[in-house]
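Only one structure is covered here, and it is reproduced in the block below.
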Amino acid sequence: MIRWVITLGLAALASPIKAETCRLALALAMDISVSVDEAEDLLQRQGLAAALIAPEVQEAFFSSPMPVALAVYEWSGRSTQHVILNWLLIEDVADLLFASGQISASVRSDSGSATAMGYALAYGSTLMNQAPDCLFQTIDLSGDGSNNDGYGPQIAYRHFAFQNVVVNGLVINAADFEGELFLIPFFENNVLHGPGAFLEVAQGFEDFERAMRKKLKRELSGLQIGALDEDPQ
């Protein structure tokens, strides 16, 4: 009996520590608040679907033998968050095509709510708790306006689990001076969170796909162990 216990204990000691199943859990959050009209929503939705299968983004997804876990959700008001794509491990091109197709075929869940950015981030934190075990966690928040409903991003960061989560931003500058004078600084000072967090800017919804492609490439390519980020912009 003693020999059996010792053998069992040695076997347990010899077992490898549970390894992470992926290098990055990436949650993409799309703004569907009242300031986003039907045509702009379509540009955002189809732009994301196209960006995911762009050649340089595909290359970045598969630049490491460790896959990426991807989720997509839309957000607006305090109680208006909706998962478009639940966590999917992107292991091959077929997975990426499936994710792109799900987003392309999706329909917005709401069109009349305000911009509850803190609630959107809190929802993202909860979603991260359901993600596969990954080396890194990133939430990517897109928006064409600042918080105007409920608590803001800084409150969300204090009261929800963001210790190991990086939050990047994508500002959709609606071809006016508001983005340059207020929205971009708001994202820089309130939304960006964690080491290496960065902001990308789309010059209107027509530019969303280009900006998303650039941002995804940087997020996915910058996570090679021991490698330097080659795109400091």
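In the structure tokens, chains take letters A, B, ... by order of appearance, with residues numbered from 1 within each chain and ligands from 1 in the order shown.
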
In region 4-167 of chain A, what's strand (DSSP E or B) per DSSP? Answer as a PyMOL selection string? chain A and resi 22-31+68-75+81-90+134-143+165-167

Residues near region 30-45 of chain A, anyone? I mean within 9 Å using only C-alpha atoms, not counting same-chain ones fewer than 4 positions away, as a PyMOL selection string. chain A and resi 49-50+72-77+103-116+140-145+204-209

Find the residues around region 155-163 of chain A up to 7 Å (only C-alpha atoms counted), leave out those fewer than 3 positions away in its own chain, and share them as a PyMOL selection string. chain A and resi 118+121-122+125+151-152

How would the residues just chosen look if you wrote them out with C-alpha atoms as a short mmCIF file (atom, residue, chain, number, x, y, z; two decimals), in the first residue's frame?
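Ended up saving to out01.cif:
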```
data_model
loop_
_atom_site.label_atom_id
_atom_site.label_comp_id
_atom_site.auth_asym_id
_atom_site.auth_seq_id
_atom_site.Cartn_x
_atom_site.Cartn_y
_atom_site.Cartn_z
CA GLY A 118 -17.69 50.98 -19.04
CA LEU A 121 -15.53 46.66 -20.98
CA ALA A 122 -17.07 44.94 -17.96
CA SER A 125 -13.88 41.09 -18.75
CA TYR A 151 -19.86 54.44 -15.43
CA GLY A 152 -16.80 54.96 -17.59
#
```

Give the answer as one residue: which of A:Ser146, A:Thr138, A:Asn129, A:Gln154 has the shortest atom-to-atom distance to Phe198 (chain A), using only C-alpha atoms?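 Among the listed residues, the smallest separation from Phe198 (chain A) belongs to A:Thr138.
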
Separation of CA of Ala69 (chain A) from CA of Leu88 (chain A) in Å: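 Interatomic distance here is 5.4 Å.
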
Pick from A:Ala54, A:Leu97, A:Ala71, A:Ile90 nearest to Leu127 (chain A), counting only C-alpha atoms: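 Of the candidates, the smallest distance to Leu127 (chain A) is held by A:Ala71.
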
Helix (DSSP H, G or I) residues, from DSSP on the backbone, in region 27-189 of chain A, as number ranges by chain: A: 38-52, 55-61, 93-105, 117-128, 153-159, 177-189

So, counting only C-alpha atoms, which residue among A:Ser221, A:Asn164, A:Gln102, A:Ser64 is closest to Cys22 (chain A)?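 Of A:Ser221, A:Asn164, A:Gln102, A:Ser64, the one nearest Cys22 (chain A), counting only C-alpha atoms, is A:Ser64.
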
Compare A:Ala211, A:Met117, A:Ala94, A:Leu220 by their minimum atom-to-atom distance to Ala51 (chain A), counting only C-alpha atoms, and give me the closest one.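 Once distances to Ala51 (chain A) are computed over only C-alpha atoms, the minimum belongs to A:Ala211.
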
Skip His193 (chain A) itself and residues of its chain fewer than 6 positions away, then list as a list of chain:residue names all residues within 8 Å of it, counting only C-alpha atoms. A:Val165, A:Val166, A:Val167, A:Asn168

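Nearest residue to Thr126 (chain A) among A:Asn173, A:Asn147, A:Gln81, A:Ser100 is A:Gln81, counting only C-alpha atoms.
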
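Proximity ranking of A:Asn189, A:Gln58, A:Asn86, A:Ser63 relative to Met128 (chain A) places A:Asn86 first, based on only C-alpha atoms.
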
Could you tell me how far CA of Val171 (chain A) lies from CA of Ala202 (chain A), in Å and to one decimal?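 So the two atoms, CA of Val171 (chain A) and CA of Ala202 (chain A), lie 6.1 Å apart.
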
Tell me, as a count of residues only, which residues lie within 10 Å of Ala60 (chain A), counting only C-alpha atoms; anything in the same chain fewer than 5 positions away does not count. 10

Taking 2 positions as the minimum chain separation for residues in the same chain, which residues sit within 7 Å of Leu199 (chain A) when counting only C-alpha atoms? Answer as JSON, numbers by chain. {"A": [168, 169, 170, 201]}
